[in-house]
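Q: Input data_2.tsv, format and content: TSV, C-alpha atoms and all ligand atoms.
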```tsv
chain	number	residue	atom	x	y	z
V	1034	MET	CA	-5.32	-1.84	22.71
V	1035	THR	CA	-6.10	-0.50	19.26
V	1036	ILE	CA	-7.62	-2.83	16.67
V	1037	CYS	CA	-5.69	-2.21	13.44
V	1038	ILE	CA	-7.09	-3.11	10.03
V	1039	ASP	CA	-5.36	-3.15	6.67
V	1040	MET	CA	-7.95	-3.56	3.95
V	1041	GLY	CA	-6.73	-4.31	0.45
V	1042	ALA	CA	-8.35	-5.64	-2.70
V	1043	THR	CA	-7.46	-9.25	-1.97
V	1044	GLU	CA	-7.31	-9.53	1.80
V	1045	ILE	CA	-8.23	-7.80	5.01
V	1046	LYS	CA	-5.57	-8.09	7.68
V	1047	VAL	CA	-6.27	-7.40	11.32
V	1048	ALA	CA	-4.02	-7.23	14.38
V	1049	PRO	CA	-4.11	-5.64	17.81
V	1050	ILE	CA	-1.45	-3.03	18.62
V	1051	LYS	CA	-0.47	-2.09	22.14
V	1052	ARG	CA	1.97	0.56	23.24
V	1053	SER	CA	4.47	-0.46	25.87
V	1054	GLU	CA	6.64	2.47	26.89
V	1055	ASN	CA	8.14	3.60	23.58
V	1056	ARG	CA	7.58	0.39	21.71
V	1057	LEU	CA	4.61	-0.82	19.74
V	1058	ILE	CA	3.66	-4.44	20.18
V	1059	VAL	CA	1.81	-5.92	17.22
V	1060	GLY	CA	-0.23	-8.93	18.30
V	1061	GLU	CA	-1.34	-11.93	16.30
V	1062	LEU	CA	-2.25	-11.14	12.72
V	1063	ASN	CA	-5.39	-12.62	11.14
V	1064	LYS	CA	-6.23	-12.52	7.43
V	1065	PHE	CA	-9.54	-12.74	5.66
V	1066	PRO	CA	-10.28	-12.70	1.94
V	1067	THR	CA	-11.80	-9.32	1.00
V	1068	ASN	CA	-14.46	-11.02	-1.13
V	1069	ALA	CA	-14.39	-8.10	-3.55
V	1070	SER	CA	-16.06	-10.23	-6.21
V	1071	LEU	CA	-19.17	-10.31	-4.00
V	1072	GLY	CA	-19.39	-6.52	-4.08
V	1073	LYS	CA	-20.06	-4.23	-1.15
V	1074	GLU	CA	-22.00	-6.78	0.87
V	1075	GLY	CA	-19.18	-9.31	0.68
V	1076	ILE	CA	-16.54	-6.74	1.57
V	1077	VAL	CA	-18.44	-5.28	4.53
V	1078	ASP	CA	-19.14	-8.79	5.81
V	1079	ALA	CA	-15.43	-9.67	5.56
V	1080	LEU	CA	-14.55	-6.46	7.43
V	1081	TYR	CA	-17.05	-7.34	10.16
V	1082	ARG	CA	-15.63	-10.85	10.52
V	1083	ALA	CA	-12.06	-9.52	10.58
V	1084	ILE	CA	-12.76	-7.12	13.44
V	1085	SER	CA	-14.85	-9.70	15.30
V	1086	SER	CA	-12.02	-12.23	15.11
V	1087	LEU	CA	-10.08	-10.33	17.80
V	1088	ASN	CA	-10.93	-10.43	21.43
V	1089	GLY	CA	-11.91	-6.79	21.60
V	1090	GLU	CA	-12.53	-6.59	25.32
V	1091	ASP	CA	-9.81	-4.04	26.03
V	1092	ALA	CA	-10.03	-2.31	22.63
V	1093	THR	CA	-10.30	1.46	22.80
V	1094	GLY	CA	-10.66	2.10	19.08
V	1095	ILE	CA	-10.19	0.91	15.53
V	1096	ALA	CA	-7.44	2.21	13.22
V	1097	ILE	CA	-7.95	1.46	9.53
V	1098	ALA	CA	-5.75	1.60	6.47
V	1099	SER	CA	-7.77	0.95	3.32
V	1100	ALA	CA	-7.34	0.87	-0.43
V	1101	GLY	CA	-9.18	3.66	-2.22
V	1102	ASP	CA	-9.14	7.38	-1.45
V	1103	ILE	CA	-10.17	8.14	2.09
V	1104	ASP	CA	-11.38	11.44	3.46
V	1105	VAL	CA	-9.41	11.44	6.72
V	1106	ASN	CA	-11.80	13.90	8.35
V	1107	THR	CA	-14.84	11.68	7.96
V	1108	SER	CA	-13.11	8.27	7.51
V	1109	THR	CA	-15.19	7.77	4.36
V	1110	ILE	CA	-14.11	6.19	1.07
V	1111	THR	CA	-14.38	8.96	-1.52
V	1112	TYR	CA	-13.08	6.97	-4.46
V	1113	ALA	CA	-12.33	3.32	-5.17
V	1114	THR	CA	-11.66	1.42	-8.35
V	1115	GLU	CA	-13.32	-1.88	-9.21
V	1116	ASN	CA	-10.80	-3.40	-6.80
V	1117	LEU	CA	-13.33	-2.49	-4.09
V	1118	PRO	CA	-16.63	-2.43	-5.95
V	1119	GLY	CA	-19.55	-0.51	-4.46
V	1120	MET	CA	-17.50	0.93	-1.63
V	1121	ILE	CA	-17.51	4.60	-2.61
V	1122	GLY	CA	-19.24	6.50	0.20
V	1123	PHE	CA	-18.59	3.78	2.82
V	1124	ASP	CA	-18.18	5.39	6.25
V	1125	PHE	CA	-15.75	3.39	8.43
V	1126	ALA	CA	-16.39	5.51	11.52
V	1127	LEU	CA	-20.15	5.01	11.33
V	1128	PHE	CA	-19.75	1.27	10.69
V	1129	CYS	CA	-17.43	0.78	13.66
V	1130	LYS	CA	-19.66	2.86	15.93
V	1131	GLU	CA	-22.79	0.95	14.94
V	1132	LYS	CA	-21.34	-2.55	14.95
V	1133	PHE	CA	-18.71	-2.37	17.66
V	1134	ASN	CA	-19.46	0.83	19.56
V	1135	LEU	CA	-15.84	1.92	19.07
V	1136	PRO	CA	-14.40	5.09	17.59
V	1137	ALA	CA	-12.49	4.63	14.34
V	1138	LYS	CA	-10.21	6.56	12.03
V	1139	ALA	CA	-9.30	5.58	8.49
V	1140	ILE	CA	-6.50	6.58	6.13
V	1141	ASN	CA	-5.58	5.49	2.61
V	1142	ASP	CA	-3.41	2.36	2.80
V	1143	ALA	CA	-0.51	3.74	0.80
V	1144	HIS	CA	-0.45	6.89	2.94
V	1145	ALA	CA	-0.59	4.68	6.02
V	1146	ALA	CA	2.34	2.61	4.78
V	1147	LEU	CA	4.39	5.79	4.23
V	1148	LEU	CA	3.39	7.25	7.59
V	1149	GLY	CA	4.27	3.96	9.27
V	1150	GLU	CA	7.69	3.88	7.57
V	1151	MET	CA	8.40	7.55	8.39
V	1152	VAL	CA	7.51	7.20	12.07
V	1153	TYR	CA	8.60	3.65	12.87
V	1154	GLY	CA	10.50	2.24	9.87
V	1155	ALA	CA	12.96	2.83	7.04
V	1156	GLY	CA	12.03	6.51	6.69
V	1157	ALA	CA	12.67	7.46	10.31
V	1158	GLU	CA	16.15	8.81	9.52
V	1159	TYR	CA	14.85	10.87	6.58
V	1160	GLN	CA	12.18	12.87	8.38
V	1161	ASP	CA	13.76	16.14	7.21
V	1162	LYS	CA	13.76	15.00	3.55
V	1163	ARG	CA	11.19	14.80	0.78
V	1164	VAL	CA	10.16	11.18	0.52
V	1165	VAL	CA	8.07	9.32	-2.03
V	1166	MET	CA	6.76	5.87	-1.34
V	1167	LEU	CA	5.60	3.28	-3.84
V	1168	THR	CA	3.76	0.29	-2.48
V	1169	LEU	CA	3.88	-2.41	-5.12
V	1170	GLY	CA	1.13	-4.80	-4.12
V	1171	SER	CA	-2.02	-6.02	-5.90
V	1172	GLY	CA	-2.18	-2.41	-7.06
V	1173	VAL	CA	0.40	0.38	-6.87
V	1174	GLY	CA	-0.07	2.80	-3.99
V	1175	GLY	CA	1.74	6.09	-3.63
V	1176	GLY	CA	2.45	8.62	-0.97
V	1177	TYR	CA	4.44	11.82	-0.61
V	1178	TYR	CA	6.07	13.16	2.53
V	1179	ALA	CA	7.51	16.69	2.71
V	1180	GLY	CA	7.88	19.39	5.35
V	1181	GLY	CA	7.60	16.78	8.08
V	1182	GLU	CA	4.23	15.37	7.07
V	1183	ILE	CA	2.28	13.32	4.57
V	1184	VAL	CA	1.23	15.69	1.80
V	1185	SER	CA	-2.48	15.42	1.41
V	1186	ASN	CA	-5.50	17.32	0.30
V	1187	GLU	CA	-9.00	17.23	1.71
V	1188	GLU	CA	-9.94	13.99	0.03
V	1189	ASN	CA	-6.59	12.39	0.78
V	1190	ASP	CA	-6.08	11.42	-2.83
V	1191	TYR	CA	-2.67	13.04	-3.23
V	1192	GLY	CA	0.13	10.87	-4.49
V	1193	ARG	CA	-1.87	8.39	-6.56
V	1194	PHE	CA	1.30	7.54	-8.42
V	1195	GLY	CA	-0.10	4.17	-9.47
V	1196	HIS	CA	-2.36	5.99	-11.89
V	1197	ILE	CA	0.16	8.25	-13.56
V	1198	CYS	CA	0.25	7.47	-17.26
V	1199	LEU	CA	3.37	5.48	-18.06
V	1200	GLU	CA	2.41	4.27	-21.52
V	1201	LYS	CA	0.27	6.39	-23.80
V	1202	ASP	CA	-2.57	4.24	-25.18
V	1203	GLY	CA	-1.24	1.40	-23.04
V	1204	ARG	CA	-3.12	-1.26	-21.14
V	1205	LEU	CA	-6.58	-0.50	-19.80
V	1206	CYS	CA	-6.45	0.10	-16.05
V	1207	THR	CA	-9.16	-0.63	-13.44
V	1208	CYS	CA	-9.50	3.16	-13.04
V	1209	GLY	CA	-10.71	3.47	-16.65
V	1210	LYS	CA	-7.59	5.18	-18.01
V	1211	ARG	CA	-4.92	3.58	-20.14
V	1212	GLY	CA	-1.27	2.87	-19.50
V	1213	CYS	CA	-1.21	3.53	-15.73
V	1214	VAL	CA	1.93	2.69	-13.75
V	1215	GLU	CA	-0.15	0.10	-11.90
V	1216	MET	CA	-0.61	-1.88	-15.11
V	1217	TYR	CA	3.17	-2.44	-15.30
V	1218	LEU	CA	4.55	-2.46	-11.76
V	1219	SER	CA	1.90	-4.09	-9.57
V	1220	GLY	CA	2.39	-7.65	-8.43
V	1221	ARG	CA	-0.59	-8.68	-10.51
V	1222	SER	CA	0.82	-7.09	-13.66
V	1223	ILE	CA	4.27	-8.55	-13.14
V	1224	HIS	CA	2.75	-12.02	-12.68
V	1225	ARG	CA	0.67	-11.61	-15.82
V	1226	ASP	CA	3.62	-10.35	-17.89
V	1227	ALA	CA	5.78	-13.21	-16.68
V	1228	GLN	CA	3.08	-15.72	-17.52
V	1229	ALA	CA	2.77	-14.31	-21.04
V	1230	LEU	CA	6.47	-15.01	-21.57
V	1231	SER	CA	6.26	-18.46	-19.94
V	1232	ILE	CA	8.41	-17.30	-17.05
V	1233	ASP	CA	7.59	-18.98	-13.76
V	1234	GLY	CA	6.26	-16.30	-11.37
V	1235	GLY	CA	7.49	-17.94	-8.17
V	1236	ASP	CA	11.22	-17.54	-8.76
V	1237	ILE	CA	11.47	-14.70	-11.29
V	1238	PHE	CA	13.95	-12.78	-9.17
V	1239	GLU	CA	15.88	-15.77	-7.94
V	1240	LYS	CA	16.57	-16.82	-11.53
V	1241	TYR	CA	17.40	-13.21	-12.40
V	1242	GLY	CA	19.99	-13.36	-9.63
V	1243	ARG	CA	21.43	-16.50	-11.19
V	1244	GLY	CA	21.72	-14.76	-14.55
V	1245	GLU	CA	19.05	-16.72	-16.46
V	1246	PRO	CA	18.93	-14.67	-19.72
V	1247	LYS	CA	15.13	-14.68	-20.07
V	1248	ASN	CA	14.72	-13.48	-16.51
V	1249	VAL	CA	17.46	-10.87	-16.80
V	1250	GLU	CA	15.70	-9.46	-19.85
V	1251	PHE	CA	12.36	-9.51	-18.05
V	1252	VAL	CA	13.74	-7.70	-15.01
V	1253	ASN	CA	15.49	-5.15	-17.22
V	1254	VAL	CA	12.14	-4.18	-18.73
V	1255	LEU	CA	10.74	-3.93	-15.21
V	1256	ARG	CA	13.65	-1.69	-14.19
V	1257	GLU	CA	13.05	0.53	-17.23
V	1258	ASN	CA	9.39	0.90	-16.24
V	1259	LEU	CA	10.35	1.69	-12.66
V	1260	LYS	CA	12.86	4.31	-13.80
V	1261	LYS	CA	10.31	5.88	-16.16
V	1262	SER	CA	7.74	5.96	-13.37
V	1263	LEU	CA	10.17	7.65	-10.98
V	1264	ASP	CA	11.10	10.22	-13.65
V	1265	LEU	CA	7.41	11.11	-13.98
V	1266	ILE	CA	6.83	11.20	-10.23
V	1267	MET	CA	9.88	13.47	-9.84
V	1268	GLN	CA	8.15	16.02	-12.07
V	1269	VAL	CA	5.02	16.23	-9.92
V	1270	SER	CA	6.45	15.49	-6.48
V	1271	PRO	CA	10.21	16.17	-6.29
V	1272	PHE	CA	11.82	13.79	-3.82
V	1273	ASP	CA	15.17	13.04	-2.18
V	1274	VAL	CA	14.41	9.47	-1.20
V	1275	CYS	CA	12.06	6.82	-2.56
V	1276	ILE	CA	10.88	4.00	-0.29
V	1277	ILE	CA	9.62	0.91	-2.09
V	1278	GLY	CA	7.44	-1.55	-0.25
V	1279	GLY	CA	4.67	-4.04	-0.86
V	1280	GLY	CA	4.68	-7.66	-1.92
V	1281	VAL	CA	6.87	-7.01	-4.98
V	1282	ALA	CA	9.71	-5.62	-2.82
V	1283	ASP	CA	9.52	-8.76	-0.67
V	1284	TRP	CA	9.39	-10.92	-3.78
V	1285	MET	CA	12.70	-9.41	-4.98
V	1286	GLU	CA	14.31	-10.49	-1.71
V	1287	GLU	CA	18.09	-9.97	-1.68
V	1288	HIS	CA	18.02	-8.81	-5.32
V	1289	PHE	CA	16.12	-5.63	-4.40
V	1290	TYR	CA	19.18	-3.38	-4.44
V	1291	SER	CA	20.79	-4.89	-7.53
V	1292	ILE	CA	17.52	-4.10	-9.32
V	1293	THR	CA	17.08	-0.56	-7.95
V	1294	ASP	CA	20.66	0.65	-7.37
V	1295	SER	CA	21.54	2.16	-10.71
V	1296	LEU	CA	18.28	3.96	-11.51
V	1297	GLY	CA	19.68	7.36	-10.55
V	1298	TYR	CA	17.63	7.80	-7.38
V	1299	LYS	CA	18.16	7.10	-3.71
V	1300	ILE	CA	15.90	4.10	-3.29
V	1301	ILE	CA	15.47	2.22	-0.03
V	1302	ARG	CA	13.43	-0.81	0.82
V	1303	ALA	CA	10.55	-0.47	3.23
V	1304	SER	CA	11.37	-2.11	6.54
V	1305	LEU	CA	8.01	-2.77	8.17
V	1306	GLY	CA	6.92	-5.31	5.57
V	1307	ASN	CA	3.35	-6.46	5.91
V	1308	SER	CA	2.83	-4.41	9.04
V	1309	ALA	CA	3.49	-0.93	7.57
V	1310	GLY	CA	-0.22	-0.31	7.08
V	1311	PHE	CA	-0.93	-1.24	10.70
V	1312	TYR	CA	1.78	1.06	12.02
V	1313	GLY	CA	0.58	3.92	9.83
V	1314	ALA	CA	-3.07	3.42	10.72
V	1315	TYR	CA	-2.03	3.37	14.37
V	1316	ALA	CA	0.08	6.53	14.02
V	1317	HIS	CA	-2.78	8.26	12.23
V	1318	TYR	CA	-5.34	7.14	14.81
V	1319	ASN	CA	-3.23	8.46	17.67
V	1320	ARG	CA	-2.35	11.76	16.07
V	1321	GLY	CA	-5.49	13.33	17.43
R	1	ZN	ZN	-5.23	3.66	-13.45
```
As a first step, turn the structure in this file into structure tokens.

A:
Amino acid sequence: MTICIDMGATEIKVAPIKRSENRLIVGELNKFPTNASLGKEGIVDALYRAISSLNGEDATGIAIASAGDIDVNTSTITYATENLPGMIGFDFALFCKEKFNLPAKAINDAHAALLGEMVYGAGAEYQDKRVVMLTLGSGVGGGYYAGGEIVSNEENDYGRFGHICLEKDGRLCTCGKRGCVEMYLSGRSIHRDAQALSIDGGDIFEKYGRGEPKNVEFVNVLRENLKKSLDLIMQVSPFDVCIIGGGVADWMEEHFYSITDSLGYKIIRASLGNSAGFYGAYAHYNRG
């Protein structure tokens, strides 16, 4: 059994994955708050509790997908925004060896989600194509797949599409720059924008589907921002297919395709949902 971790800015998810013939069996999923407001100590403690929550008796290793840029060779966080304060330099492999005496491998969470989708999910039939993935969660993660693999550099920070500048002199982002895609398309940003217009966050897309004018207008702005983001991504990482995942894709529910269909790109919805990070971390861990 491999212990799989998906560490984001708001929660750390953990589940065991077993292989049975050609199928992966994802066991019971546990969630813990990341405690990012408590800084590094709080986050590391939450990680420890997450891993400890599983009966690790037959565990052979730990596969981690994490927010931030991860050096896949050393499983170390090389860059993180204030979403994961104090975590730059954190060595997952060393931590797991010291605390659990298990080998570990870590990969950026957005790259993991893309890898998971390409191997086990919506991307499986596009393995010969160039694929971009946007994970619209608390932040906006990106990944790029071409030539049969995740495109990456040494520090594994390729495809940080969430921090492409969408709006010159726009909103201040957690990365320190202004106008990043993440400030317009992340779940957090969408919630905040809706709130500012007195639109109820819970059923934004449901009401859009029912033709509520305020919601239709709101979603049209969102679509514009998505289209603009894809136009910019196309310039740096030309793609044939774009997979969209994360909490925002789930939030759109059955309206996903009516929102994304006419943007001029082949857009498909991620199919592994909340588990994409686990699948990708697992695939990365077992790639040798
Ligand atoms: Zn940014």

Q: Can you tell me, as JSON, numbers by chain, what residues are no more than 8 Å from Ser1171 in chain V when counting all atoms listed in the file, ignoring any on the same chain fewer than 5 positions away?

A: {"V": [1042, 1043, 1219, 1220, 1221, 1280]}

Q: How would the residues just picked look written out with C-alpha atoms as a short mmCIF file (atom, residue, chain, number, x, y, z; two decimals), in the coordinates of the input?

A:
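The new file selection_15.cif reads:
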```
data_model
loop_
_atom_site.label_atom_id
_atom_site.label_comp_id
_atom_site.auth_asym_id
_atom_site.auth_seq_id
_atom_site.Cartn_x
_atom_site.Cartn_y
_atom_site.Cartn_z
CA ALA V 1042 -8.35 -5.64 -2.70
CA THR V 1043 -7.46 -9.25 -1.97
CA SER V 1219 1.90 -4.09 -9.57
CA GLY V 1220 2.39 -7.65 -8.43
CA ARG V 1221 -0.59 -8.68 -10.51
CA GLY V 1280 4.68 -7.66 -1.92
#
```

Q: So that I can check the surroundings of range 1251-1253 of chain V, please list as a list in words every protein, DNA and RNA residue that reaches within 9 Å of it, counting all atoms listed in the file and ignoring chain neighbours fewer than 4 positions away.

A: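 Close residues of range 1251-1253 of chain V: Asp1226, Ala1227, Leu1230, Ile1232, Ile1237, Phe1238, Tyr1241, Pro1246, Lys1247, Glu1257, Asn1258 and Ile1292 of chain V.
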
Q: Give me the residues of chain V that have any atom at most 10 Å from an atom of ligand ZN 1 (chain R); for each, the nearest atom pair and the distance in Å, rounded to one decimal. Use all atoms listed in the file, sort by chain and number, and format it as a tab-separated table.

A:
```
residue	atom	partner	partner_atom	distance
V:Thr1114	CA	R:ZN1	ZN	8.5
V:Gly1172	CA	R:ZN1	ZN	9.3
V:Val1173	CA	R:ZN1	ZN	9.3
V:Arg1193	CA	R:ZN1	ZN	9.0
V:Phe1194	CA	R:ZN1	ZN	9.1
V:Gly1195	CA	R:ZN1	ZN	6.5
V:His1196	CA	R:ZN1	ZN	4.0
V:Ile1197	CA	R:ZN1	ZN	7.1
V:Cys1198	CA	R:ZN1	ZN	7.7
V:Leu1199	CA	R:ZN1	ZN	9.9
V:Arg1204	CA	R:ZN1	ZN	9.4
V:Leu1205	CA	R:ZN1	ZN	7.7
V:Cys1206	CA	R:ZN1	ZN	4.6
V:Thr1207	CA	R:ZN1	ZN	5.8
V:Cys1208	CA	R:ZN1	ZN	4.3
V:Gly1209	CA	R:ZN1	ZN	6.3
V:Lys1210	CA	R:ZN1	ZN	5.4
V:Arg1211	CA	R:ZN1	ZN	6.7
V:Gly1212	CA	R:ZN1	ZN	7.3
V:Cys1213	CA	R:ZN1	ZN	4.6
V:Val1214	CA	R:ZN1	ZN	7.2
V:Glu1215	CA	R:ZN1	ZN	6.4
V:Met1216	CA	R:ZN1	ZN	7.4
```

Q: Which polymer residues have any atom within 12 Å of an atom of Thr1293 in chain V, counting all atoms listed in the file, with same-chain residues fewer than 2 positions away left out, as a JSON list (two decimals) with C-alpha atoms, in the coordinates of the input?

A:
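Saved result, out34.json, follows:
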```
[["chain", "number", "residue", "atom", "x", "y", "z"],
["V", 1252, "VAL", "CA", 13.74, -7.70, -15.01],
["V", 1253, "ASN", "CA", 15.49, -5.15, -17.22],
["V", 1255, "LEU", "CA", 10.74, -3.93, -15.21],
["V", 1256, "ARG", "CA", 13.65, -1.69, -14.19],
["V", 1257, "GLU", "CA", 13.05, 0.53, -17.23],
["V", 1258, "ASN", "CA", 9.39, 0.90, -16.24],
["V", 1259, "LEU", "CA", 10.35, 1.69, -12.66],
["V", 1260, "LYS", "CA", 12.86, 4.31, -13.80],
["V", 1263, "LEU", "CA", 10.17, 7.65, -10.98],
["V", 1275, "CYS", "CA", 12.06, 6.82, -2.56],
["V", 1276, "ILE", "CA", 10.88, 4.00, -0.29],
["V", 1277, "ILE", "CA", 9.62, 0.91, -2.09],
["V", 1282, "ALA", "CA", 9.71, -5.62, -2.82],
["V", 1285, "MET", "CA", 12.70, -9.41, -4.98],
["V", 1287, "GLU", "CA", 18.09, -9.97, -1.68],
["V", 1288, "HIS", "CA", 18.02, -8.81, -5.32],
["V", 1289, "PHE", "CA", 16.12, -5.63, -4.40],
["V", 1290, "TYR", "CA", 19.18, -3.38, -4.44],
["V", 1291, "SER", "CA", 20.79, -4.89, -7.53],
["V", 1295, "SER", "CA", 21.54, 2.16, -10.71],
["V", 1296, "LEU", "CA", 18.28, 3.96, -11.51],
["V", 1297, "GLY", "CA", 19.68, 7.36, -10.55],
["V", 1298, "TYR", "CA", 17.63, 7.80, -7.38],
["V", 1299, "LYS", "CA", 18.16, 7.10, -3.71],
["V", 1300, "ILE", "CA", 15.90, 4.10, -3.29],
["V", 1301, "ILE", "CA", 15.47, 2.22, -0.03],
["V", 1302, "ARG", "CA", 13.43, -0.81, 0.82]]
```

Q: Kindly indicate which residue among V:Leu1057, V:Ile1050, V:Leu1080, V:Leu1071 lies nearest to Phe1123 in chain V, using all atoms listed in the file for the distances.

A: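 Selected residue with least distance to Phe1123 in chain V: V:Leu1080.
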
Q: Calculated over all atoms listed in the file, which of the candidates V:Thr1168, V:Ser1099, V:Ser1262, V:Thr1093 has the smallest distance to Met1120 in chain V?

A: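 Going through V:Thr1168, V:Ser1099, V:Ser1262, V:Thr1093 one by one, the smallest distance to Met1120 in chain V is for V:Ser1099.
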
Q: Just how far from CA of Asp1078 in chain V is CA of Tyr1312 in chain V, in Å to one decimal?

A: 23.9 Å

Q: Do you have the CA of Val1274 in chain V-CA of Lys1162 in chain V distance handy?

A: 7.3 Å

Q: What's around Lys1073 in chain V at 10 Å? Count only C-alpha atoms, leave out sequence neighbours fewer than 2 positions away in its own chain, and write the answer as a list in words.

A: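 So, after excluding close chain neighbours, the residues are Thr1067, Asn1068, Ala1069, Ser1070, Leu1071, Gly1075, Ile1076, Val1077, Asp1078, Ala1079, Leu1117, Pro1118, Gly1119, Met1120, Ile1121 and Phe1123 of chain V.
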
Q: For CA of Leu1062 in chain V and CA of Asn1319 in chain V, quote the distance in Å rounded to one decimal.

A: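 Between these atoms lies a distance of 20.2 Å.
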
Q: Which residue is closest to Ser1086 in chain V? Choose from V:Gly1122, V:Gly1175, V:Gly1279, V:Pro1049 and count only C-alpha atoms.

A: V:Pro1049

Q: Need to verify the contact set: Ala1314 in chain V, 6 Å, only C-alpha atoms, exclusion of same-chain residues closer than 2 positions in sequence. Can you return it as a ChimeraX atom specification?

A: /V:1096-1098,1145,1310-1312,1316-1318
